[in-house]
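Heads up, upload_21.txt below (compact mmCIF, C-alpha atoms):
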```
# COMPACT_ATOMS: atom_id res chain seq x y z
CA MET P 1 99.69 157.92 91.53
CA ILE P 2 101.62 161.12 92.19
CA LYS P 3 104.59 160.89 94.55
CA ALA P 4 106.94 163.49 95.96
CA ILE P 5 110.58 162.41 95.73
CA LYS P 6 112.46 165.42 97.11
CA VAL P 7 111.63 168.41 99.30
CA THR P 8 113.46 171.48 100.56
CA ALA P 9 112.12 173.99 103.11
CA ASN P 10 113.14 177.62 102.68
CA ASP P 11 113.59 180.48 105.16
CA ASP P 12 110.49 182.24 103.77
CA TYR P 13 108.19 179.33 104.75
CA THR P 14 107.96 177.95 101.25
CA ILE P 15 108.75 174.40 100.26
CA LEU P 16 110.15 173.26 96.95
CA VAL P 17 109.01 169.78 95.98
CA THR P 18 110.10 167.56 93.12
CA LEU P 19 107.48 165.07 92.01
CA GLU P 20 108.19 161.65 90.55
CA ASP P 21 107.09 162.87 87.10
CA GLY P 22 109.83 165.54 87.16
CA ARG P 23 107.70 168.57 88.01
CA ASN P 24 109.17 171.07 90.48
CA LEU P 25 106.58 172.90 92.55
CA MET P 26 106.84 175.75 95.05
CA MET P 27 104.27 175.88 97.84
CA ASN P 28 103.84 178.86 100.15
CA MET P 29 103.37 177.48 103.67
CA ALA P 30 103.29 180.85 105.51
CA PHE P 31 99.71 180.08 106.60
CA ILE P 32 101.28 177.78 109.21
CA LYS P 33 102.28 180.86 111.22
CA ASN P 34 98.58 181.73 111.67
CA SER P 35 97.34 178.18 112.26
CA ALA P 36 96.77 176.42 115.57
CA GLY P 37 96.96 172.85 116.75
CA PRO P 38 99.48 170.41 118.18
CA VAL P 39 100.94 169.33 114.82
CA VAL P 40 101.27 172.91 113.56
CA GLU P 41 102.50 174.88 116.60
CA PRO P 42 106.09 173.51 116.51
CA LEU P 43 106.35 174.34 112.78
CA LYS P 44 106.06 178.05 113.53
CA GLU P 45 109.71 177.83 114.56
CA LEU P 46 111.79 177.88 111.37
CA GLY P 47 114.16 175.19 112.63
CA GLU P 48 111.25 172.79 113.08
CA PHE P 49 109.68 173.79 109.76
CA LYS P 50 112.94 172.89 108.01
CA LYS P 51 112.79 169.30 109.31
CA VAL P 52 110.46 168.38 106.42
CA PHE P 53 111.05 165.04 104.71
CA ILE P 54 109.45 162.54 102.31
CA ARG P 55 107.92 159.24 103.37
CA ASN P 56 106.07 157.00 100.93
CA GLY P 57 105.81 159.87 98.45
CA ILE P 58 104.18 162.26 100.95
CA VAL P 59 105.67 165.51 102.30
CA LEU P 60 105.79 165.16 106.08
CA TRP P 61 107.09 166.82 109.25
CA PRO P 62 108.08 165.03 112.47
CA THR P 63 104.98 166.47 114.17
CA GLY P 64 102.76 164.42 111.86
CA TYR P 65 101.69 167.34 109.68
CA ASP P 66 101.64 166.28 106.03
CA ILE P 67 100.75 167.46 102.55
CA ASP P 68 99.37 165.09 99.97
CA PRO P 69 101.21 165.18 96.63
CA TYR P 70 97.88 165.55 94.81
CA TYR P 71 97.25 168.74 96.78
CA LEU P 72 100.73 169.96 95.85
CA ALA P 73 100.14 169.17 92.18
CA GLU P 74 96.87 171.11 92.27
CA HIS P 75 97.95 174.11 94.37
CA GLY P 76 101.72 174.36 93.96
CA VAL P 77 103.33 176.84 91.60
CA ALA P 78 105.61 175.51 88.88
CA SER P 79 109.26 176.35 89.53
CA ASN P 80 112.43 176.10 87.50
CA LYS P 81 114.35 175.39 90.74
CA THR P 82 114.86 171.85 91.96
CA ALA P 83 114.34 170.66 95.51
```
Mind turning this structure into structure tokens?
Amino acid sequence: MIKAIKVTANDDYTILVTLEDGRNLMMNMAFIKNSAGPVVEPLKELGEFKKVFIRNGIVLWPTGYDIDPYYLAEHGVASNKTA
């Protein structure tokens, strides 16, 4: 099972995630700015976007929007930066 252990949200609507296996992945989340729905709308404001956290190995926002670590492992870009 893949688990996220650390996450940082950046001003350019990317997130940097460290997985339990030590991989650091960058994920571009700019698509949020063009998405609609009650869990996404608040995240269009950078301050809300930056409230990202980890719960049970999953990247999550207070609105309920989440990203599965398997999706991150498949679609994230390897990074030499740490979350």
- line: Among P:Tyr13, P:Ile2, P:Ala73, P:Asn24, Glu45 of chain P is approached most closely, using all atoms listed in the file, by P:Tyr13
message: Could you check the closest approach to Glu20 of chain P for each of P:Leu43, P:Ile67, P:Val7, P:Leu60 and tell me which residue wins, using all atoms listed in the file?
response: P:Val7
- request: To one decimal in Å, tell me the separation between atom CA of His75 of chain P and atom CA of Met29 of chain P.
  value: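 Separating atom CA of His75 of chain P from atom CA of Met29 of chain P is a distance of 11.3 Å.
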- request: Between P:Met27, P:Pro38, P:Ala9, P:Phe49, single out the one closest to Leu72 of chain P, counting only C-alpha atoms.
  value: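 Of the candidates, the smallest distance to Leu72 of chain P is held by P:Met27.
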query: Looking at P:Gly64, P:Gly57, P:Pro42, P:Gly76, which one is nearest to Met1 of chain P, with distances taken over only C-alpha atoms?
result: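 Of P:Gly64, P:Gly57, P:Pro42, P:Gly76, the one nearest Met1 of chain P, counting only C-alpha atoms, is P:Gly57.
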message: At a cut-off of 9 Å, using only C-alpha atoms, what residues contact Trp61 of chain P? Leave out same-chain residues fewer than 6 positions from it and give the result as a ChimeraX atom specification.
response: /P:39,43,48-54
Emit as JSON the padded axis-aligned box for all listed atoms of segment 49-58 of chain P, 5 Å per side, with centre and edge lengths in Å to one decimal.
```
{"center_x": 108.6, "center_y": 165.4, "center_z": 104.1, "size_x": 18.8, "size_y": 26.8, "size_z": 21.3}
```
Would you list the residues near (108.0, 173.4, 93.4) (no more than 7 Å away, in the coordinates of the file, using all atoms listed in the file) as a compact mmCIF listing (two decimals) with C-alpha atoms, in the frame of the given file?
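What ended up in selection-v2.txt:
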```txt
# COMPACT_ATOMS: atom_id res chain seq x y z
CA ILE P 15 108.75 174.40 100.26
CA LEU P 16 110.15 173.26 96.95
CA VAL P 17 109.01 169.78 95.98
CA THR P 18 110.10 167.56 93.12
CA ASN P 24 109.17 171.07 90.48
CA LEU P 25 106.58 172.90 92.55
CA MET P 26 106.84 175.75 95.05
CA MET P 27 104.27 175.88 97.84
CA GLY P 76 101.72 174.36 93.96
CA VAL P 77 103.33 176.84 91.60
CA ALA P 78 105.61 175.51 88.88
CA SER P 79 109.26 176.35 89.53
```
Top pick for closest residue to Leu46 of chain P, considering P:Ala83, P:Ala30, P:Ile5, P:Leu19 and counting only C-alpha atoms: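 Smallest distance to Leu46 of chain P is found for P:Ala30.
Picture a line from atom CA of Gly47 of chain P to atom CA of Asn10 of chain P; it runs 10.3 Å.
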field: For atom CA of Phe31 of chain P and atom CA of Thr14 of chain P, the interatomic separation in Å (one decimal)
entry: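 It comes out at 10.1 Å.
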- request: Could you tell me which of P:Pro69, P:Val59, P:Ala36, P:Thr8 comes closest to Asp21 of chain P if we count only C-alpha atoms?
  value: P:Pro69
